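Printed here is data-v8.pdb (PDB, C-alpha atoms, pLDDT in the B column):
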ATOM      1  CA  MET A   1      51.546 116.385 -64.602  1.00 46.00           C
ATOM      2  CA  SER A   2      49.192 118.473 -66.746  1.00 60.00           C
ATOM      3  CA  ALA A   3      45.470 117.663 -66.774  1.00 89.00           C
ATOM      4  CA  ARG A   4      44.364 115.159 -69.348  1.00 93.00           C
ATOM      5  CA  GLY A   5      41.653 115.855 -71.891  1.00 96.00           C
ATOM      6  CA  THR A   6      38.456 113.829 -72.118  1.00 97.00           C
ATOM      7  CA  LEU A   7      37.795 111.339 -74.918  1.00 98.00           C
ATOM      8  CA  HIS A   8      34.173 111.461 -76.081  1.00 98.00           C
ATOM      9  CA  LEU A   9      32.770 108.458 -77.981  1.00 97.00           C
ATOM     10  CA  ILE A  10      30.436 110.082 -80.501  1.00 96.00           C
ATOM     11  CA  PRO A  11      27.801 107.975 -82.280  1.00 94.00           C
ATOM     12  CA  THR A  12      26.741 108.794 -85.822  1.00 92.00           C
ATOM     13  CA  PRO A  13      23.336 108.163 -87.412  1.00 88.00           C
ATOM     14  CA  ILE A  14      22.792 104.951 -89.367  1.00 86.00           C
ATOM     15  CA  GLY A  15      19.864 106.673 -91.041  1.00 77.00           C
ATOM     16  CA  GLY A  16      17.685 109.705 -90.387  1.00 67.00           C
ATOM     17  CA  GLU A  17      18.582 113.261 -89.483  1.00 75.00           C
ATOM     18  CA  VAL A  18      21.280 114.046 -86.922  1.00 84.00           C
ATOM     19  CA  GLN A  19      19.009 116.213 -84.784  1.00 78.00           C
ATOM     20  CA  ARG A  20      16.332 113.509 -84.670  1.00 79.00           C
ATOM     21  CA  VAL A  21      18.672 110.628 -83.866  1.00 83.00           C
ATOM     22  CA  LEU A  22      21.256 112.118 -81.490  1.00 90.00           C
ATOM     23  CA  ALA A  23      20.747 113.759 -78.101  1.00 90.00           C
ATOM     24  CA  PRO A  24      20.958 117.583 -77.966  1.00 92.00           C
ATOM     25  CA  ALA A  25      23.529 117.365 -75.146  1.00 95.00           C
ATOM     26  CA  LEU A  26      25.770 115.221 -77.357  1.00 95.00           C
ATOM     27  CA  LEU A  27      25.575 117.675 -80.251  1.00 94.00           C
ATOM     28  CA  GLU A  28      26.316 120.579 -77.889  1.00 95.00           C
ATOM     29  CA  THR A  29      29.414 118.774 -76.607  1.00 96.00           C
ATOM     30  CA  ALA A  30      30.605 117.744 -80.073  1.00 96.00           C
ATOM     31  CA  ARG A  31      30.327 121.344 -81.329  1.00 96.00           C
ATOM     32  CA  LYS A  32      32.959 122.374 -78.779  1.00 96.00           C
ATOM     33  CA  LEU A  33      35.512 119.750 -79.793  1.00 97.00           C
ATOM     34  CA  ARG A  34      38.289 120.554 -82.238  1.00 97.00           C
ATOM     35  CA  TYR A  35      40.137 117.236 -82.387  1.00 98.00           C
ATOM     36  CA  PHE A  36      38.605 114.029 -83.726  1.00 98.00           C
ATOM     37  CA  VAL A  37      39.907 110.536 -84.393  1.00 98.00           C
ATOM     38  CA  VAL A  38      37.831 109.167 -87.244  1.00 96.00           C
ATOM     39  CA  GLU A  39      37.405 106.003 -89.254  1.00 92.00           C
ATOM     40  CA  ASN A  40      36.823 107.893 -92.512  1.00 92.00           C
ATOM     41  CA  GLU A  41      37.616 111.578 -92.994  1.00 95.00           C
ATOM     42  CA  LYS A  42      35.124 112.227 -95.782  1.00 94.00           C
ATOM     43  CA  SER A  43      32.121 110.877 -93.885  1.00 93.00           C
ATOM     44  CA  ALA A  44      33.308 112.511 -90.640  1.00 95.00           C
ATOM     45  CA  TRP A  45      33.480 115.952 -92.269  1.00 96.00           C
ATOM     46  CA  ARG A  46      30.019 115.387 -93.731  1.00 94.00           C
ATOM     47  CA  PHE A  47      28.672 114.403 -90.303  1.00 94.00           C
ATOM     48  CA  LEU A  48      30.203 117.406 -88.511  1.00 96.00           C
ATOM     49  CA  SER A  49      28.999 119.842 -91.176  1.00 95.00           C
ATOM     50  CA  ARG A  50      25.401 118.920 -90.330  1.00 93.00           C
ATOM     51  CA  PHE A  51      25.594 120.606 -86.924  1.00 94.00           C
ATOM     52  CA  MET A  52      28.812 122.694 -86.786  1.00 95.00           C
ATOM     53  CA  ASP A  53      29.221 126.129 -88.362  1.00 94.00           C
ATOM     54  CA  ARG A  54      31.942 126.966 -90.875  1.00 94.00           C
ATOM     55  CA  GLU A  55      34.157 128.796 -88.368  1.00 94.00           C
ATOM     56  CA  ALA A  56      34.200 125.776 -86.080  1.00 94.00           C
ATOM     57  CA  LEU A  57      34.837 123.355 -88.956  1.00 95.00           C
ATOM     58  CA  ASP A  58      37.803 125.410 -90.127  1.00 95.00           C
ATOM     59  CA  SER A  59      39.517 124.868 -86.769  1.00 96.00           C
ATOM     60  CA  VAL A  60      38.916 121.100 -86.580  1.00 97.00           C
ATOM     61  CA  ARG A  61      41.832 118.641 -86.760  1.00 97.00           C
ATOM     62  CA  MET A  62      41.337 114.999 -87.680  1.00 97.00           C
ATOM     63  CA  ALA A  63      43.415 111.838 -87.435  1.00 97.00           C
ATOM     64  CA  VAL A  64      42.465 108.524 -89.013  1.00 96.00           C
ATOM     65  CA  LEU A  65      42.123 105.256 -87.117  1.00 95.00           C
ATOM     66  CA  ASP A  66      40.888 102.432 -89.341  1.00 92.00           C
ATOM     67  CA  GLU A  67      41.556  98.751 -89.967  1.00 89.00           C
ATOM     68  CA  HIS A  68      44.820  99.647 -91.715  1.00 93.00           C
ATOM     69  CA  THR A  69      46.259 101.639 -88.790  1.00 94.00           C
ATOM     70  CA  LYS A  70      49.197  99.822 -87.228  1.00 94.00           C
ATOM     71  CA  ASP A  71      49.096  99.190 -83.482  1.00 92.00           C
ATOM     72  CA  ILE A  72      52.380 101.050 -83.059  1.00 95.00           C
ATOM     73  CA  ASP A  73      50.762 104.214 -84.478  1.00 95.00           C
ATOM     74  CA  VAL A  74      47.690 104.219 -82.207  1.00 95.00           C
ATOM     75  CA  PRO A  75      49.230 105.798 -79.035  1.00 95.00           C
ATOM     76  CA  SER A  76      50.270 108.975 -80.870  1.00 96.00           C
ATOM     77  CA  LEU A  77      46.626 109.631 -81.770  1.00 97.00           C
ATOM     78  CA  LEU A  78      46.063 110.352 -78.085  1.00 96.00           C
ATOM     79  CA  ASP A  79      48.794 112.995 -77.831  1.00 97.00           C
ATOM     80  CA  PRO A  80      46.455 116.040 -77.938  1.00 97.00           C
ATOM     81  CA  LEU A  81      44.433 114.592 -75.042  1.00 97.00           C
ATOM     82  CA  LEU A  82      47.573 113.898 -73.022  1.00 96.00           C
ATOM     83  CA  GLU A  83      48.334 117.598 -73.462  1.00 95.00           C
ATOM     84  CA  GLY A  84      44.914 118.579 -72.087  1.00 96.00           C
ATOM     85  CA  THR A  85      42.754 118.879 -75.231  1.00 96.00           C
ATOM     86  CA  ASP A  86      39.341 117.214 -75.281  1.00 97.00           C
ATOM     87  CA  GLY A  87      38.673 115.019 -78.303  1.00 98.00           C
ATOM     88  CA  GLY A  88      36.210 112.637 -79.865  1.00 97.00           C
ATOM     89  CA  ILE A  89      36.078 109.358 -81.750  1.00 97.00           C
ATOM     90  CA  ILE A  90      33.716 109.236 -84.726  1.00 95.00           C
ATOM     91  CA  SER A  91      32.763 105.897 -86.257  1.00 88.00           C
ATOM     92  CA  GLU A  92      31.720 105.403 -89.860  1.00 86.00           C
ATOM     93  CA  ALA A  93      28.171 104.672 -88.676  1.00 83.00           C
ATOM     94  CA  GLY A  94      26.542 103.892 -85.342  1.00 88.00           C
ATOM     95  CA  LEU A  95      28.399 103.425 -82.073  1.00 91.00           C
ATOM     96  CA  PRO A  96      32.170 103.938 -81.915  1.00 92.00           C
ATOM     97  CA  CYS A  97      34.270 100.961 -80.793  1.00 91.00           C
ATOM     98  CA  VAL A  98      31.526  98.379 -81.450  1.00 87.00           C
ATOM     99  CA  ALA A  99      32.498  96.435 -84.574  1.00 81.00           C
ATOM    100  CA  ASP A 100      34.839  99.385 -85.045  1.00 84.00           C
ATOM    101  CA  PRO A 101      38.633  99.931 -84.757  1.00 87.00           C
ATOM    102  CA  GLY A 102      38.245 102.777 -82.238  1.00 91.00           C
ATOM    103  CA  SER A 103      38.386 100.330 -79.337  1.00 92.00           C
ATOM    104  CA  ARG A 104      42.179 100.230 -79.665  1.00 94.00           C
ATOM    105  CA  LEU A 105      42.432 103.931 -78.855  1.00 96.00           C
ATOM    106  CA  VAL A 106      39.987 103.636 -75.961  1.00 96.00           C
ATOM    107  CA  ALA A 107      42.083 100.844 -74.431  1.00 95.00           C
ATOM    108  CA  PHE A 108      45.169 103.069 -74.591  1.00 95.00           C
ATOM    109  CA  ALA A 109      43.197 106.007 -73.143  1.00 97.00           C
ATOM    110  CA  HIS A 110      42.336 103.950 -70.061  1.00 96.00           C
ATOM    111  CA  ARG A 111      45.980 102.960 -69.598  1.00 95.00           C
ATOM    112  CA  SER A 112      46.991 106.615 -69.910  1.00 95.00           C
ATOM    113  CA  GLY A 113      44.556 108.024 -67.375  1.00 94.00           C
ATOM    114  CA  VAL A 114      42.325 109.718 -69.959  1.00 96.00           C
ATOM    115  CA  ARG A 115      38.647 109.904 -69.045  1.00 96.00           C
ATOM    116  CA  VAL A 116      36.410 108.108 -71.555  1.00 97.00           C
ATOM    117  CA  VAL A 117      32.799 109.267 -71.997  1.00 97.00           C
ATOM    118  CA  PRO A 118      30.409 107.046 -74.016  1.00 96.00           C
ATOM    119  CA  TRP A 119      27.420 108.849 -75.534  1.00 96.00           C
ATOM    120  CA  PRO A 120      24.148 107.078 -76.402  1.00 93.00           C
ATOM    121  CA  GLY A 121      23.216 106.535 -80.005  1.00 91.00           C
ATOM    122  CA  PRO A 122      21.924 104.038 -82.558  1.00 90.00           C
ATOM    123  CA  SER A 123      23.346 100.511 -82.779  1.00 91.00           C
ATOM    124  CA  ALA A 124      22.265  98.472 -85.796  1.00 92.00           C
ATOM    125  CA  LEU A 125      23.204  95.265 -83.966  1.00 94.00           C
ATOM    126  CA  LEU A 126      20.985  95.913 -80.956  1.00 94.00           C
ATOM    127  CA  MET A 127      18.163  97.390 -83.018  1.00 94.00           C
ATOM    128  CA  ALA A 128      18.136  94.263 -85.191  1.00 96.00           C
ATOM    129  CA  LEU A 129      18.085  92.025 -82.112  1.00 96.00           C
ATOM    130  CA  MET A 130      15.260  94.086 -80.617  1.00 96.00           C
ATOM    131  CA  ALA A 131      13.168  93.629 -83.736  1.00 96.00           C
ATOM    132  CA  SER A 132      13.978  89.953 -84.338  1.00 97.00           C
ATOM    133  CA  GLY A 133      11.876  88.415 -81.590  1.00 96.00           C
ATOM    134  CA  PHE A 134      14.861  86.291 -80.570  1.00 96.00           C
ATOM    135  CA  ASP A 135      16.153  85.888 -77.005  1.00 93.00           C
ATOM    136  CA  GLY A 136      17.907  89.100 -76.018  1.00 91.00           C
ATOM    137  CA  GLN A 137      19.276  87.797 -72.710  1.00 92.00           C
ATOM    138  CA  ARG A 138      22.308  86.246 -74.389  1.00 94.00           C
ATOM    139  CA  PHE A 139      23.710  86.666 -77.885  1.00 95.00           C
ATOM    140  CA  GLU A 140      26.980  86.492 -79.780  1.00 95.00           C
ATOM    141  CA  PHE A 141      28.295  88.887 -82.396  1.00 95.00           C
ATOM    142  CA  ARG A 142      30.472  87.275 -85.050  1.00 94.00           C
ATOM    143  CA  GLY A 143      31.398  90.302 -87.108  1.00 91.00           C
ATOM    144  CA  TYR A 144      31.880  89.575 -90.793  1.00 92.00           C
ATOM    145  CA  LEU A 145      31.721  86.034 -92.123  1.00 94.00           C
ATOM    146  CA  PRO A 146      34.460  84.994 -94.587  1.00 93.00           C
ATOM    147  CA  ALA A 147      34.184  86.348 -98.112  1.00 91.00           C
ATOM    148  CA  GLU A 148      35.474  83.160 -99.789  1.00 94.00           C
ATOM    149  CA  ARG A 149      32.560  80.873-100.612  1.00 94.00           C
ATOM    150  CA  SER A 150      33.621  77.587 -99.011  1.00 96.00           C
ATOM    151  CA  ALA A 151      34.810  79.349 -95.851  1.00 96.00           C
ATOM    152  CA  ARG A 152      31.581  81.342 -95.700  1.00 95.00           C
ATOM    153  CA  GLU A 153      29.484  78.162 -96.036  1.00 96.00           C
ATOM    154  CA  LYS A 154      31.470  76.499 -93.262  1.00 97.00           C
ATOM    155  CA  ALA A 155      31.013  79.565 -91.050  1.00 97.00           C
ATOM    156  CA  LEU A 156      27.245  79.592 -91.641  1.00 97.00           C
ATOM    157  CA  LEU A 157      26.944  75.971 -90.538  1.00 97.00           C
ATOM    158  CA  GLU A 158      29.018  76.721 -87.432  1.00 97.00           C
ATOM    159  CA  VAL A 159      26.784  79.716 -86.675  1.00 97.00           C
ATOM    160  CA  GLU A 160      23.735  77.452 -86.929  1.00 98.00           C
ATOM    161  CA  ARG A 161      25.263  74.803 -84.673  1.00 97.00           C
ATOM    162  CA  ALA A 162      26.001  77.409 -82.006  1.00 96.00           C
ATOM    163  CA  ALA A 163      22.512  78.912 -82.226  1.00 97.00           C
ATOM    164  CA  ARG A 164      20.743  75.564 -82.004  1.00 96.00           C
ATOM    165  CA  SER A 165      22.940  73.746 -79.482  1.00 96.00           C
ATOM    166  CA  ARG A 166      23.374  76.609 -77.001  1.00 94.00           C
ATOM    167  CA  GLY A 167      20.216  78.623 -77.650  1.00 94.00           C
ATOM    168  CA  VAL A 168      22.223  81.799 -78.235  1.00 96.00           C
ATOM    169  CA  PRO A 169      21.266  84.012 -81.208  1.00 97.00           C
ATOM    170  CA  GLN A 170      24.192  84.593 -83.550  1.00 98.00           C
ATOM    171  CA  ILE A 171      24.542  88.069 -85.060  1.00 97.00           C
ATOM    172  CA  PHE A 172      26.716  88.849 -88.082  1.00 96.00           C
ATOM    173  CA  ILE A 173      27.059  91.499 -90.763  1.00 92.00           C
ATOM    174  CA  GLU A 174      28.212  91.759 -94.348  1.00 87.00           C
ATOM    175  CA  THR A 175      29.384  94.429 -96.738  1.00 86.00           C
ATOM    176  CA  PRO A 176      26.315  95.720 -98.614  1.00 86.00           C
ATOM    177  CA  TYR A 177      27.370  94.404-102.016  1.00 86.00           C
ATOM    178  CA  ARG A 178      27.513  90.812-100.676  1.00 90.00           C
ATOM    179  CA  ASN A 179      24.127  90.867 -98.896  1.00 90.00           C
ATOM    180  CA  LYS A 180      22.385  88.979-101.694  1.00 91.00           C
ATOM    181  CA  VAL A 181      24.981  86.191-101.794  1.00 93.00           C
ATOM    182  CA  LEU A 182      25.041  85.741 -98.023  1.00 94.00           C
ATOM    183  CA  LEU A 183      21.257  85.581 -97.774  1.00 95.00           C
ATOM    184  CA  ALA A 184      21.099  83.049-100.614  1.00 94.00           C
ATOM    185  CA  ASP A 185      23.718  80.861 -98.923  1.00 95.00           C
ATOM    186  CA  ALA A 186      21.909  81.022 -95.579  1.00 96.00           C
ATOM    187  CA  ILE A 187      18.568  80.056 -97.091  1.00 96.00           C
ATOM    188  CA  ARG A 188      20.162  77.195 -99.011  1.00 96.00           C
ATOM    189  CA  LEU A 189      22.320  75.744 -96.231  1.00 97.00           C
ATOM    190  CA  LEU A 190      20.436  76.198 -92.952  1.00 98.00           C
ATOM    191  CA  LYS A 191      17.891  73.729 -91.600  1.00 97.00           C
ATOM    192  CA  PRO A 192      14.245  74.481 -92.460  1.00 97.00           C
ATOM    193  CA  ASP A 193      13.213  75.135 -88.846  1.00 97.00           C
ATOM    194  CA  THR A 194      16.214  77.339 -88.030  1.00 98.00           C
ATOM    195  CA  ARG A 195      15.107  80.942 -87.691  1.00 98.00           C
ATOM    196  CA  LEU A 196      16.689  83.751 -89.658  1.00 98.00           C
ATOM    197  CA  ALA A 197      16.217  87.485 -89.159  1.00 97.00           C
ATOM    198  CA  LEU A 198      17.376  90.182 -91.550  1.00 96.00           C
ATOM    199  CA  ALA A 199      17.309  93.865 -90.598  1.00 94.00           C
ATOM    200  CA  PHE A 200      17.962  95.966 -93.671  1.00 90.00           C
ATOM    201  CA  ALA A 201      18.602  99.715 -94.079  1.00 88.00           C
ATOM    202  CA  LEU A 202      17.672 100.443 -90.463  1.00 90.00           C
ATOM    203  CA  MET A 203      16.379 103.985 -89.841  1.00 88.00           C
ATOM    204  CA  GLY A 204      16.402 104.637 -93.582  1.00 84.00           C
ATOM    205  CA  ASP A 205      13.589 105.015 -96.097  1.00 83.00           C
ATOM    206  CA  ALA A 206      13.951 101.375 -97.205  1.00 86.00           C
ATOM    207  CA  GLU A 207      14.027  99.960 -93.652  1.00 89.00           C
ATOM    208  CA  THR A 208      12.887  96.326 -93.589  1.00 91.00           C
ATOM    209  CA  VAL A 209      12.965  93.778 -90.770  1.00 94.00           C
ATOM    210  CA  ARG A 210      11.903  90.183 -91.367  1.00 95.00           C
ATOM    211  CA  SER A 211      12.215  87.312 -88.899  1.00 97.00           C
ATOM    212  CA  ASP A 212      11.040  83.871 -90.049  1.00 96.00           C
ATOM    213  CA  SER A 213      11.926  80.210 -90.403  1.00 97.00           C
ATOM    214  CA  VAL A 214      14.345  79.250 -93.144  1.00 97.00           C
ATOM    215  CA  SER A 215      11.575  77.233 -94.804  1.00 97.00           C
ATOM    216  CA  ALA A 216       9.454  80.398 -95.002  1.00 97.00           C
ATOM    217  CA  TRP A 217      12.403  82.332 -96.391  1.00 95.00           C
ATOM    218  CA  ARG A 218      12.786  79.679 -99.093  1.00 94.00           C
ATOM    219  CA  ALA A 219       9.132  79.981-100.034  1.00 94.00           C
ATOM    220  CA  ALA A 220       9.298  83.745-100.493  1.00 88.00           C
ATOM    221  CA  HIS A 221      11.901  86.391 -99.852  1.00 76.00           C
ATOM    222  CA  ASP A 222      12.845  89.819-101.109  1.00 75.00           C
ATOM    223  CA  GLU A 223      16.464  90.215-102.083  1.00 77.00           C
ATOM    224  CA  PRO A 224      18.227  92.914-100.063  1.00 79.00           C
ATOM    225  CA  GLY A 225      19.830  95.744-101.947  1.00 77.00           C
ATOM    226  CA  LYS A 226      23.191  97.344-101.360  1.00 83.00           C
ATOM    227  CA  GLU A 227      22.367  98.838 -97.976  1.00 84.00           C
ATOM    228  CA  PRO A 228      23.777  97.975 -94.521  1.00 87.00           C
ATOM    229  CA  ALA A 229      22.181  94.806 -93.150  1.00 91.00           C
ATOM    230  CA  VAL A 230      22.325  92.737 -89.980  1.00 95.00           C
ATOM    231  CA  PHE A 231      21.742  88.965 -90.024  1.00 97.00           C
ATOM    232  CA  ILE A 232      20.691  86.930 -86.981  1.00 98.00           C
ATOM    233  CA  VAL A 233      20.390  83.145 -86.771  1.00 98.00           C
ATOM    234  CA  SER A 234      18.481  81.489 -83.934  1.00 97.00           C
ATOM    235  CA  GLY A 235      17.364  77.998 -83.074  1.00 95.00           C
ATOM    236  CA  PRO A 236      13.755  76.879 -83.684  1.00 92.00           C
TER     237      PRO A 236
END

How would this structure read if it were set down as structure tokens?
Amino acid sequence: MSARGTLHLIPTPIGGEVQRVLAPALLETARKLRYFVVENEKSAWRFLSRFMDREALDSVRMAVLDEHTKDIDVPSLLDPLLEGTDGGIISEAGLPCVADPGSRLVAFAHRSGVRVVPWPGPSALLMALMASGFDGQRFEFRGYLPAERSAREKALLEVERAARSRGVPQIFIETPYRNKVLLADAIRLLKPDTRLALAFALMGDAETVRSDSVSAWRAAHDEPGKEPAVFIVSGP
């Protein structure tokens, strides 16, 4: 059997310059790769162009793995690595395979005897938890809450029950254009002494982190713009 390639899990910045955010050893490794599985081709090309020269970029091949990729199509994305080529997974932003469809390919890589190498990089979820002042020993990530209003309201109340009854901070995210609506619903529905943290535009020029009681949020709050945000609910 021929040697397998190595699958590198390549983080991308969530703000700030590539060279400031990512380790030099990671960038050196990524420059040598010519096959990438990406969530979005346009943003992946933009990311690679910030540290790869034109000759290298011209020889790069990409395959897309996103939420629309069927499970039956995932194994073929690993074919170049099964033939001995090293490759990388590039997320849209932050860490690959965390709140990201790349985990499906990593699972298949393990079953196929392909070495998986995770590289360190920024995680909006963990950075928000770090800055919240909430208990970091245990937490739960809930992904996206429902977009439909009544389902979203029900989910917010369930999030609060879990945070208060079990003492486990509840982390969730939203698409940037629904940040304002989600924050308004949380402030309206949650108990006054429940604590709510919002980390907004992390590592960007507009970075803002606020952690306060819901009653304080009701008294005064800035509405988040259309930038990536992380919400965390904790008990009093």

Excluding same-chain residues fewer than 4 positions from region 163-168 of chain A, what lies within 10 Å of it counting all atoms listed in the file, as a CSV table (one decimal) with C-alpha atoms, in the frame of the given file?
chain,number,residue,atom,x,y,z
A,134,PHE,CA,14.9,86.3,-80.6
A,135,ASP,CA,16.2,85.9,-77.0
A,136,GLY,CA,17.9,89.1,-76.0
A,137,GLN,CA,19.3,87.8,-72.7
A,138,ARG,CA,22.3,86.2,-74.4
A,139,PHE,CA,23.7,86.7,-77.9
A,140,GLU,CA,27.0,86.5,-79.8
A,157,LEU,CA,26.9,76.0,-90.5
A,158,GLU,CA,29.0,76.7,-87.4
A,159,VAL,CA,26.8,79.7,-86.7
A,194,THR,CA,16.2,77.3,-88.0
A,195,ARG,CA,15.1,80.9,-87.7
A,232,ILE,CA,20.7,86.9,-87.0
A,233,VAL,CA,20.4,83.1,-86.8
A,234,SER,CA,18.5,81.5,-83.9
A,235,GLY,CA,17.4,78.0,-83.1
A,236,PRO,CA,13.8,76.9,-83.7

Within 12 Å of region 34-48 of chain A: each region 65-165 of chain A residue with its shortest pair, all atoms listed in the file, as CSV:
residue,atom,partner,partner_atom,distance
A:Leu65,CA,A:Glu39,CA,5.2
A:Asp66,CA,A:Glu39,CA,5.0
A:Glu67,CA,A:Glu39,CA,8.4
A:His68,CA,A:Glu39,CA,10.1
A:Thr69,CA,A:Glu39,CA,9.9
A:Val74,CA,A:Val37,CA,10.3
A:Pro75,CA,A:Val37,CA,11.8
A:Ser76,CA,A:Val37,CA,11.1
A:Leu77,CA,A:Val37,CA,7.3
A:Leu78,CA,A:Val37,CA,8.8
A:Asp79,CA,A:Tyr35,CA,10.7
A:Pro80,CA,A:Tyr35,CA,7.8
A:Leu81,CA,A:Tyr35,CA,8.9
A:Gly84,CA,A:Tyr35,CA,11.4
A:Thr85,CA,A:Tyr35,CA,7.8
A:Asp86,CA,A:Tyr35,CA,7.2
A:Gly87,CA,A:Tyr35,CA,4.9
A:Gly88,CA,A:Phe36,CA,4.8
A:Ile89,CA,A:Val37,CA,4.8
A:Ile90,CA,A:Val38,CA,4.8
A:Ser91,CA,A:Glu39,CA,5.5
A:Glu92,CA,A:Glu39,CA,5.7
A:Ala93,CA,A:Ser43,CA,9.0
A:Gly94,CA,A:Glu39,CA,11.7
A:Leu95,CA,A:Glu39,CA,11.8
A:Pro96,CA,A:Glu39,CA,9.2
A:Cys97,CA,A:Glu39,CA,10.3
A:Ala99,CA,A:Glu39,CA,11.7
A:Asp100,CA,A:Glu39,CA,8.3
A:Pro101,CA,A:Glu39,CA,7.7
A:Gly102,CA,A:Glu39,CA,7.8
A:Ser103,CA,A:Glu39,CA,11.5
A:Arg104,CA,A:Val37,CA,11.6
A:Leu105,CA,A:Val37,CA,9.0
A:Val106,CA,A:Val37,CA,10.9

Checklist line | Two-atom distance - CA of Leu33 (chain A), CA of Ala107 (chain A) (Å) | finding: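 Result for CA of Leu33 (chain A) versus CA of Ala107 (chain A): 20.7 Å, one decimal.
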
Next item on the list: Can you work out which one of A:Ile72, A:Leu189, A:Leu196, A:Ala151 has the shortest atom-to-atom distance to Ala216 (chain A), counting all atoms listed in the file?
Entry: A:Leu196

Next item on the list: Rank A:Arg149, A:Arg161, A:Lys191, A:Arg142 by their smallest atom-to-atom distance to Phe231 (chain A), using all atoms listed in the file, and report the top residue only.
Entry: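 Ranking A:Arg149, A:Arg161, A:Lys191, A:Arg142 by distance to Phe231 (chain A), first place goes to A:Arg142.
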
Can you give me N, CA and C atoms for region 191-209 of chain A, written as a JSON list (two decimals), in the coordinates of the input?
[["chain", "number", "residue", "atom", "x", "y", "z"],
["A", 191, "LYS", "N", 19.01, 74.66, -91.78],
["A", 191, "LYS", "CA", 17.89, 73.73, -91.60],
["A", 191, "LYS", "C", 16.56, 74.48, -91.72],
["A", 192, "PRO", "N", 15.53, 73.80, -92.22],
["A", 192, "PRO", "CA", 14.24, 74.48, -92.46],
["A", 192, "PRO", "C", 13.65, 75.15, -91.23],
["A", 193, "ASP", "N", 13.83, 74.54, -90.03],
["A", 193, "ASP", "CA", 13.21, 75.14, -88.85],
["A", 193, "ASP", "C", 14.13, 76.11, -88.10],
["A", 194, "THR", "N", 15.36, 76.27, -88.57],
["A", 194, "THR", "CA", 16.21, 77.34, -88.03],
["A", 194, "THR", "C", 15.57, 78.67, -88.37],
["A", 195, "ARG", "N", 15.71, 79.63, -87.47],
["A", 195, "ARG", "CA", 15.11, 80.94, -87.69],
["A", 195, "ARG", "C", 16.17, 81.95, -88.12],
["A", 196, "LEU", "N", 15.78, 82.77, -89.08],
["A", 196, "LEU", "CA", 16.69, 83.75, -89.66],
["A", 196, "LEU", "C", 16.01, 85.12, -89.67],
["A", 197, "ALA", "N", 16.72, 86.10, -89.13],
["A", 197, "ALA", "CA", 16.22, 87.48, -89.16],
["A", 197, "ALA", "C", 17.16, 88.33, -90.00],
["A", 198, "LEU", "N", 16.60, 89.24, -90.76],
["A", 198, "LEU", "CA", 17.38, 90.18, -91.55],
["A", 198, "LEU", "C", 16.82, 91.58, -91.31],
["A", 199, "ALA", "N", 17.67, 92.46, -90.80],
["A", 199, "ALA", "CA", 17.31, 93.86, -90.60],
["A", 199, "ALA", "C", 18.09, 94.67, -91.62],
["A", 200, "PHE", "N", 17.37, 95.36, -92.48],
["A", 200, "PHE", "CA", 17.96, 95.97, -93.67],
["A", 200, "PHE", "C", 17.68, 97.47, -93.70],
["A", 201, "ALA", "N", 18.75, 98.26, -93.94],
["A", 201, "ALA", "CA", 18.60, 99.72, -94.08],
["A", 201, "ALA", "C", 17.90, 100.34, -92.88],
["A", 202, "LEU", "N", 18.31, 99.95, -91.67],
["A", 202, "LEU", "CA", 17.67, 100.44, -90.46],
["A", 202, "LEU", "C", 17.70, 101.97, -90.39],
["A", 203, "MET", "N", 16.58, 102.55, -89.99],
["A", 203, "MET", "CA", 16.38, 103.98, -89.84],
["A", 203, "MET", "C", 16.44, 104.74, -91.17],
["A", 204, "GLY", "N", 16.43, 104.01, -92.27],
["A", 204, "GLY", "CA", 16.40, 104.64, -93.58],
["A", 204, "GLY", "C", 15.03, 104.48, -94.24],
["A", 205, "ASP", "N", 14.88, 105.07, -95.40],
["A", 205, "ASP", "CA", 13.59, 105.02, -96.10],
["A", 205, "ASP", "C", 13.21, 103.59, -96.51],
["A", 206, "ALA", "N", 14.22, 102.75, -96.76],
["A", 206, "ALA", "CA", 13.95, 101.38, -97.20],
["A", 206, "ALA", "C", 13.99, 100.37, -96.05],
["A", 207, "GLU", "N", 13.89, 100.85, -94.80],
["A", 207, "GLU", "CA", 14.03, 99.96, -93.65],
["A", 207, "GLU", "C", 13.07, 98.77, -93.75],
["A", 208, "THR", "N", 13.66, 97.56, -93.56],
["A", 208, "THR", "CA", 12.89, 96.33, -93.59],
["A", 208, "THR", "C", 13.44, 95.38, -92.53],
["A", 209, "VAL", "N", 12.57, 94.79, -91.74],
["A", 209, "VAL", "CA", 12.96, 93.78, -90.77],
["A", 209, "VAL", "C", 12.06, 92.57, -90.98]]
